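This report concerns only the one structure given below.
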Amino acid sequence: MYDGALGDLIEELGQLPGIGPKSAQRLAFHLLASDSADVERLTSALERVKAQVRFCENCGNVTEAEQCGICRDPRRTETLICVVEEPKDVLAVERTGEFRGRYHVLGGAINPLEGIGPDDLRIRQLMVRLQKGETKELILATDPNTEGEATATYLAMLVKPMGFKVTRLASGLPVGGDLEYADEVTLGRAFSGRRDVD
Amino acid sequence: MGVSTRKLFRDDAVVLRTFKLGEADAIVSLLGRQRGRYRAMAKGLRRTSSKFGARLAPFSHVDLQLIEGRSELHTVTQAVGLHLSGGAISSDWAAYTAACVIAEAAERLVPEDHQPDLDVFQLTLGAFRALAETDLPPVLVMDSYLLRGMKSAGWAPSLSECASCGKAGSHRAFSVAAGGAVCGDCRPGGATVPAPASLELMRALEAGDWSNATAADPRQRTEAAGLIAAHFQWHSERPLKTLKYVPHQT
């Protein structure tokens with residue numbers, strides 16, 4: 001056990017996700033051995049991220065302005081809204097280069113067992129966006145797990161009666177894998193979502 | 001001692017829920033046929049390339065091979081799907097919310113002590129399969145599960161005799177604190193008087209008499225659901241936090 005400033009730093013680092021007591025100790029000693037300039041850059045970055053980064057008032061993505069770059073971009077269309085769980089999912093979809101619409105970040109998925117219900121997510125804000133009348137299609141890109149599917153089911157139940165086209169990302173076999181290793185659910189979905197060969 | 005020298009065991013289990021762990025791992029809460037309720041780590045479960053795929057999704061019935069942990073936490077090494085109900089359940093909001101209540105209730109009925117409880121295991125498996133594979137109203141499946149689960153645990157509401165004196169008959173008053181239906185002589189203050197048809201529905205749900213249960217009208221279903229939930233929560237001494245998400249009109 002270390003006392004004073006070093007002990008405090010180890011304890012604080014140990015609060016971070018995925019950092020155990022040993023890793024916290026290693027990081028603390030690394031910082032202790034680093035140049036003052038390096039440590040100042042780190043503390044300044046931490047302070048700036050807390051002071052400047054917030055959530056986009058339109059879509060819930062992370063931004064340093066009132067609206068994120070995607071919501072401000074006039075080349076992006078509001079007719080297509082892709083609903084994702086977390087800001088990091090926006091980055092994952094953006095990397096594909098396939099999507100030119102805008103996003104809506106829910107801030108998680110419905111999980112009653114963890115006490116997270118529809119009111120705990122940014123669903124009300126989504127409804128407000130849809131009522132503006134610009135959107136034609138809602139793409140549900142929540143995670144392909146039980147909570148993500150249930151969230152997509154709930155949103156579809158809410159939005160479909162309003163007359164919007166609601167689509168769900170396809171799921172099936174991963175590219176580069178062997179068929180025999182696919183689980184029954186994934187293989188079943190690949191079959192039900194099969195398409196014509198061009 | 002390396003991991004490979006630890007004891008391997010097999011069990012078929014129902015997945016009650018999963019918790020995220022670290023970057024891509026998960027802890028799976030399981031109700032096993034042979035080992036009762038326990039937790040196990042599934043390494044890499046959340047990766048798209050996970051060897052477990054969707055097999056360890058909540059509400060699935062799986063055949064597992066596990067490495068016995070030094071503490072209470074085991075490690076899943078292999079999983080084969082027996083009934084993968086998670087996909088069908090999560091595509092129906094009413095079924096999903098009912099399944100969440102069933103999972104929470106199962107955790108309440110079976111303590112995490114590795115003691116098998118075959119009754120609750122079969123009940124839980126049957127309830128998830130009923131939600132995924134039948135057209136039975138999810139709320140009725142859930143209420144039937146709660147009643148039968150309480151019966152298995154020994155604190156089901158008394159429906160055919162007075163909960164206080166044991167006098168046989170279809171008594172009108174119902175007291176959660178007294179333990180179910182009560183006769184006129186034993187009726188405590190605060191007892192409710194539900195419609196006879198609601199008590200009849202509760203008896204049908206406890207017996208698995210689906211033709212009578214599905215014939216009940218929505219008012220009776222709502223009243224019976226309220227009594228069942230109140231009884232479960234009173235006797236398990238904690239509220240079921242998932243109950244508020246269940247759409248009761250379905």
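Letters for chains follow the order of the structure tokens (A, B, ...), residue numbers begin at 1 for each chain, and ligand numbers begin at 1 in the order shown.
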
* To do: Taking the chain letters and numbering used in this document, name the residues of segment 22-197 of chain A that DSSP puts in alpha helix (DSSP H), as a ChimeraX atom specification.
  => /A:22-33,36-52,69-72,87-96,123-130,146-159,184-192

So that each row is one residue of chain A with an atom at most 6 Å from chain B, can you give its shortest atom pair and the distance in Å to one decimal, using only C-alpha atoms, rows by chain and rising number, as a tab-separated table?
```
residue	atom	partner	partner_atom	distance
A:Gly18	CA	B:Gly22	CA	5.2
A:Pro112	CA	B:Thr242	CA	5.2
A:Leu113	CA	B:Thr242	CA	6.0
A:Thr146	CA	B:Ser90	CA	5.8
A:Glu149	CA	B:Ser90	CA	5.7
A:Ala150	CA	B:Ser90	CA	4.6
A:Thr153	CA	B:Ser91	CA	5.6
A:Asp183	CA	B:Gly53	CA	5.5
```

For Leu64 of chain B: contacts at 12 Å, only C-alpha atoms, fewer than 6 positions along chain excluded, given as a tab-separated table (two decimals) with all heavy atoms, in the first residue's frame:
```
chain	number	residue	atom	x	y	z
B	8	LEU	N	-13.46	-30.12	-14.79
B	8	LEU	CA	-14.48	-29.78	-15.77
B	8	LEU	C	-15.79	-30.39	-15.35
B	8	LEU	O	-15.82	-31.48	-14.76
B	8	LEU	CB	-14.10	-30.36	-17.14
B	8	LEU	CG	-12.99	-29.68	-17.94
B	8	LEU	CD1	-12.65	-30.55	-19.14
B	8	LEU	CD2	-13.41	-28.32	-18.39
B	9	PHE	N	-16.90	-29.74	-15.65
B	9	PHE	CA	-18.19	-30.38	-15.42
B	9	PHE	C	-19.18	-29.98	-16.51
B	9	PHE	O	-18.99	-28.98	-17.18
B	9	PHE	CB	-18.73	-30.07	-14.01
B	9	PHE	CG	-19.16	-28.66	-13.76
B	9	PHE	CD1	-20.49	-28.27	-13.94
B	9	PHE	CD2	-18.26	-27.70	-13.33
B	9	PHE	CE1	-20.90	-26.98	-13.68
B	9	PHE	CE2	-18.66	-26.39	-13.07
B	9	PHE	CZ	-19.99	-26.03	-13.25
B	10	ARG	N	-20.21	-30.81	-16.67
B	10	ARG	CA	-21.26	-30.56	-17.67
B	10	ARG	C	-22.56	-30.27	-16.95
B	10	ARG	O	-22.83	-30.81	-15.88
B	10	ARG	CB	-21.47	-31.81	-18.55
B	10	ARG	CG	-20.40	-32.09	-19.55
B	10	ARG	CD	-20.65	-31.38	-20.88
B	10	ARG	NE	-21.89	-31.76	-21.55
B	10	ARG	CZ	-22.01	-32.78	-22.37
B	10	ARG	NH1	-20.99	-33.54	-22.63
B	10	ARG	NH2	-23.17	-33.02	-22.97
B	11	ASP	N	-23.38	-29.44	-17.53
B	11	ASP	CA	-24.70	-29.17	-16.98
B	11	ASP	C	-25.55	-28.60	-18.11
B	11	ASP	O	-25.01	-27.91	-18.98
B	11	ASP	CB	-24.60	-28.17	-15.82
B	11	ASP	CG	-25.84	-28.16	-14.94
B	11	ASP	OD1	-26.76	-28.96	-15.19
B	11	ASP	OD2	-25.89	-27.34	-14.00
B	12	ASP	N	-26.85	-28.88	-18.11
B	12	ASP	CA	-27.70	-28.13	-19.03
B	12	ASP	C	-28.42	-27.08	-18.21
B	12	ASP	O	-28.89	-27.35	-17.10
B	12	ASP	CB	-28.62	-29.02	-19.85
B	12	ASP	CG	-29.72	-29.67	-19.08
B	12	ASP	OD1	-29.39	-30.42	-18.14
B	12	ASP	OD2	-30.90	-29.44	-19.39
B	13	ALA	N	-28.42	-25.87	-18.73
B	13	ALA	CA	-28.85	-24.73	-17.92
B	13	ALA	C	-29.66	-23.74	-18.73
B	13	ALA	O	-29.57	-23.70	-19.96
B	13	ALA	CB	-27.61	-24.03	-17.34
B	14	VAL	N	-30.47	-22.98	-18.01
B	14	VAL	CA	-31.21	-21.88	-18.62
B	14	VAL	C	-30.45	-20.59	-18.29
B	14	VAL	O	-30.05	-20.38	-17.14
B	14	VAL	CB	-32.64	-21.81	-18.04
B	14	VAL	CG1	-33.40	-20.64	-18.65
B	14	VAL	CG2	-33.39	-23.09	-18.27
B	15	VAL	N	-30.25	-19.75	-19.30
B	15	VAL	CA	-29.56	-18.47	-19.07
B	15	VAL	C	-30.59	-17.46	-18.55
B	15	VAL	O	-31.60	-17.20	-19.21
B	15	VAL	CB	-28.91	-17.94	-20.37
B	15	VAL	CG1	-28.19	-16.62	-20.11
B	15	VAL	CG2	-27.96	-18.97	-20.94
B	28	VAL	N	-22.44	-14.82	-16.96
B	28	VAL	CA	-23.75	-15.36	-17.28
B	28	VAL	C	-24.36	-15.93	-16.01
B	28	VAL	O	-23.72	-16.70	-15.30
B	28	VAL	CB	-23.61	-16.49	-18.34
B	28	VAL	CG1	-24.97	-16.88	-18.89
B	28	VAL	CG2	-22.69	-16.07	-19.46
B	30	LEU	N	-26.86	-18.41	-14.47
B	30	LEU	CA	-27.44	-19.66	-14.99
B	30	LEU	C	-28.28	-20.38	-13.94
B	30	LEU	O	-27.99	-20.31	-12.74
B	30	LEU	CB	-26.31	-20.59	-15.43
B	30	LEU	CG	-25.41	-20.07	-16.55
B	30	LEU	CD1	-24.07	-20.79	-16.53
B	30	LEU	CD2	-26.08	-20.25	-17.90
B	31	LEU	N	-29.29	-21.09	-14.44
B	31	LEU	CA	-30.06	-22.00	-13.59
B	31	LEU	C	-29.90	-23.38	-14.19
B	31	LEU	O	-30.45	-23.67	-15.25
B	31	LEU	CB	-31.54	-21.58	-13.56
B	31	LEU	CG	-32.47	-22.43	-12.72
B	31	LEU	CD1	-32.03	-22.46	-11.25
B	31	LEU	CD2	-33.90	-21.92	-12.79
B	32	GLY	N	-29.08	-24.20	-13.55
B	32	GLY	CA	-28.73	-25.50	-14.12
B	32	GLY	C	-29.59	-26.62	-13.57
B	32	GLY	O	-30.09	-26.55	-12.45
B	33	ARG	N	-29.73	-27.66	-14.37
B	33	ARG	CA	-30.51	-28.83	-13.94
B	33	ARG	C	-29.84	-29.52	-12.76
B	33	ARG	O	-30.50	-29.90	-11.81
B	33	ARG	CB	-30.63	-29.82	-15.11
B	33	ARG	CG	-31.54	-30.99	-14.84
B	33	ARG	CD	-31.47	-31.99	-15.98
B	33	ARG	NE	-31.96	-31.46	-17.24
B	33	ARG	CZ	-33.23	-31.48	-17.63
B	33	ARG	NH1	-34.15	-32.01	-16.84
B	33	ARG	NH2	-33.59	-30.98	-18.79
B	34	GLN	N	-28.50	-29.62	-12.84
B	34	GLN	CA	-27.81	-30.39	-11.79
B	34	GLN	C	-27.15	-29.54	-10.72
B	34	GLN	O	-26.91	-29.99	-9.61
B	34	GLN	CB	-26.72	-31.24	-12.45
B	34	GLN	CG	-27.28	-32.33	-13.34
B	34	GLN	CD	-26.22	-32.87	-14.26
B	34	GLN	OE1	-25.10	-33.11	-13.84
B	34	GLN	NE2	-26.57	-33.06	-15.52
B	35	ARG	N	-26.85	-28.29	-11.04
B	35	ARG	CA	-26.07	-27.47	-10.10
B	35	ARG	C	-26.84	-26.28	-9.55
B	35	ARG	O	-26.25	-25.39	-8.93
B	35	ARG	CB	-24.82	-26.96	-10.81
B	35	ARG	CG	-23.86	-28.06	-11.20
B	35	ARG	CD	-22.65	-28.00	-10.33
B	35	ARG	NE	-21.68	-29.00	-10.70
B	35	ARG	CZ	-20.43	-28.96	-10.28
B	35	ARG	NH1	-20.01	-27.96	-9.55
B	35	ARG	NH2	-19.60	-29.92	-10.61
B	40	ALA	N	-21.20	-17.91	-14.31
B	40	ALA	CA	-20.01	-18.36	-15.04
B	40	ALA	C	-19.54	-17.25	-15.97
B	40	ALA	O	-20.34	-16.44	-16.43
B	40	ALA	CB	-20.35	-19.61	-15.86
B	42	ALA	N	-18.05	-16.02	-19.48
B	42	ALA	CA	-17.96	-16.42	-20.89
B	42	ALA	C	-17.00	-15.45	-21.56
B	42	ALA	O	-17.35	-14.28	-21.78
B	42	ALA	CB	-19.34	-16.37	-21.53
B	52	PHE	N	-19.32	-18.62	-28.90
B	52	PHE	CA	-20.61	-18.92	-28.27
B	52	PHE	C	-21.78	-18.36	-29.10
B	52	PHE	O	-22.90	-18.82	-28.95
B	52	PHE	CB	-20.68	-18.34	-26.86
B	52	PHE	CG	-19.61	-18.86	-25.95
B	52	PHE	CD1	-18.70	-18.00	-25.37
B	52	PHE	CD2	-19.52	-20.21	-25.69
B	52	PHE	CE1	-17.71	-18.49	-24.54
B	52	PHE	CE2	-18.52	-20.71	-24.86
B	52	PHE	CZ	-17.61	-19.84	-24.29
B	55	ARG	N	-25.76	-18.32	-28.39
B	55	ARG	CA	-26.21	-19.43	-27.53
B	55	ARG	C	-26.36	-19.01	-26.08
B	55	ARG	O	-27.21	-19.56	-25.37
B	55	ARG	CB	-25.22	-20.59	-27.61
B	55	ARG	CG	-25.18	-21.23	-28.99
B	55	ARG	CD	-24.25	-22.42	-29.03
B	55	ARG	NE	-24.05	-22.84	-30.40
B	55	ARG	CZ	-22.96	-22.60	-31.10
B	55	ARG	NH1	-21.95	-21.94	-30.57
B	55	ARG	NH2	-22.86	-23.01	-32.34
B	56	LEU	N	-25.55	-18.09	-25.62
B	56	LEU	CA	-25.62	-17.70	-24.21
B	56	LEU	C	-26.46	-16.44	-24.00
B	56	LEU	O	-26.30	-15.73	-23.02
B	56	LEU	CB	-24.22	-17.53	-23.63
B	56	LEU	CG	-23.38	-18.81	-23.58
B	56	LEU	CD1	-21.99	-18.53	-23.02
B	56	LEU	CD2	-24.05	-19.88	-22.74
B	74	HIS	N	-17.55	-19.86	-12.28
B	74	HIS	CA	-16.99	-20.87	-13.18
B	74	HIS	C	-16.68	-20.21	-14.53
B	74	HIS	O	-16.98	-19.04	-14.74
B	74	HIS	CB	-17.99	-22.01	-13.35
B	74	HIS	CG	-18.48	-22.57	-12.06
B	74	HIS	ND1	-17.62	-23.06	-11.09
B	74	HIS	CD2	-19.72	-22.69	-11.54
B	74	HIS	CE1	-18.33	-23.47	-10.05
B	74	HIS	NE2	-19.60	-23.25	-10.29
B	75	THR	N	-16.12	-21.00	-15.45
B	75	THR	CA	-15.82	-20.47	-16.79
B	75	THR	C	-16.44	-21.39	-17.84
B	75	THR	O	-16.21	-22.60	-17.80
B	75	THR	CB	-14.29	-20.39	-17.02
B	75	THR	OG1	-13.74	-19.57	-15.99
B	75	THR	CG2	-13.97	-19.78	-18.37
B	76	VAL	N	-17.21	-20.81	-18.75
B	76	VAL	CA	-17.83	-21.61	-19.82
B	76	VAL	C	-16.77	-21.91	-20.86
B	76	VAL	O	-16.08	-21.00	-21.33
B	76	VAL	CB	-19.00	-20.84	-20.48
B	76	VAL	CG1	-19.66	-21.71	-21.55
B	76	VAL	CG2	-20.03	-20.40	-19.45
B	77	THR	N	-16.63	-23.20	-21.23
B	77	THR	CA	-15.67	-23.54	-22.29
B	77	THR	C	-16.39	-23.96	-23.58
B	77	THR	O	-15.89	-23.74	-24.66
B	77	THR	CB	-14.72	-24.67	-21.86
B	77	THR	OG1	-15.51	-25.80	-21.47
B	77	THR	CG2	-13.83	-24.24	-20.70
B	78	GLN	N	-17.56	-24.60	-23.43
B	78	GLN	CA	-18.31	-24.98	-24.62
B	78	GLN	C	-19.80	-24.80	-24.35
B	78	GLN	O	-20.25	-24.99	-23.22
B	78	GLN	CB	-18.06	-26.45	-24.99
B	78	GLN	CG	-16.71	-26.70	-25.59
B	78	GLN	CD	-16.51	-28.17	-25.93
B	78	GLN	OE1	-17.44	-28.88	-26.31
B	78	GLN	NE2	-15.28	-28.63	-25.77
B	79	ALA	N	-20.54	-24.46	-25.41
B	79	ALA	CA	-22.00	-24.30	-25.26
B	79	ALA	C	-22.67	-24.81	-26.53
B	79	ALA	O	-22.28	-24.46	-27.63
B	79	ALA	CB	-22.35	-22.84	-25.03
B	80	VAL	N	-23.67	-25.67	-26.33
B	80	VAL	CA	-24.48	-26.14	-27.45
B	80	VAL	C	-25.93	-25.73	-27.16
B	80	VAL	O	-26.42	-25.94	-26.06
B	80	VAL	CB	-24.40	-27.68	-27.60
B	80	VAL	CG1	-25.36	-28.18	-28.68
B	80	VAL	CG2	-22.98	-28.10	-27.92
B	81	GLY	N	-26.57	-25.12	-28.14
B	81	GLY	CA	-27.94	-24.66	-27.94
B	81	GLY	C	-28.93	-25.82	-27.95
B	81	GLY	O	-28.86	-26.68	-28.82
B	82	LEU	N	-29.81	-25.87	-26.96
B	82	LEU	CA	-30.88	-26.87	-26.94
B	82	LEU	C	-32.20	-26.24	-27.38
B	82	LEU	O	-32.89	-26.75	-28.24
B	82	LEU	CB	-31.00	-27.49	-25.54
B	82	LEU	CG	-29.74	-28.23	-25.05
B	82	LEU	CD1	-29.90	-28.67	-23.59
B	82	LEU	CD2	-29.45	-29.43	-25.94
```

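The spacing separating atom CA of Pro138 of chain B from atom CA of Trp234 of chain B amounts to 22.6 Å.
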
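Using only C-alpha atoms, the residues found no farther than 8 Å from Gly60 of chain A, other than those of its own chain fewer than 2 positions away, are Phe55, Cys56, Glu57, Asn58, Val62, Pro87, His104, Val105, Leu106, Gly107 and Arg122 of chain A.
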
* To do: Give the strand (DSSP E or B) residues of segment 77-142 of chain B, as DSSP finds them on the backbone, and put them as a ChimeraX atom specification.
  => /B:77-83

Just C-alpha atoms for this one: save the residues we selected as a PDB file, in the first residue's frame.
```
ATOM      1  CA  THR B  77     -15.668 -23.536 -22.286  1.00  0.00           C
ATOM      2  CA  GLN B  78     -18.311 -24.982 -24.625  1.00  0.00           C
ATOM      3  CA  ALA B  79     -21.998 -24.302 -25.261  1.00  0.00           C
ATOM      4  CA  VAL B  80     -24.484 -26.142 -27.455  1.00  0.00           C
ATOM      5  CA  GLY B  81     -27.941 -24.659 -27.936  1.00  0.00           C
ATOM      6  CA  LEU B  82     -30.877 -26.874 -26.940  1.00  0.00           C
ATOM      7  CA  HIS B  83     -33.708 -24.335 -27.167  1.00  0.00           C
TER       8      HIS B  83
END
```
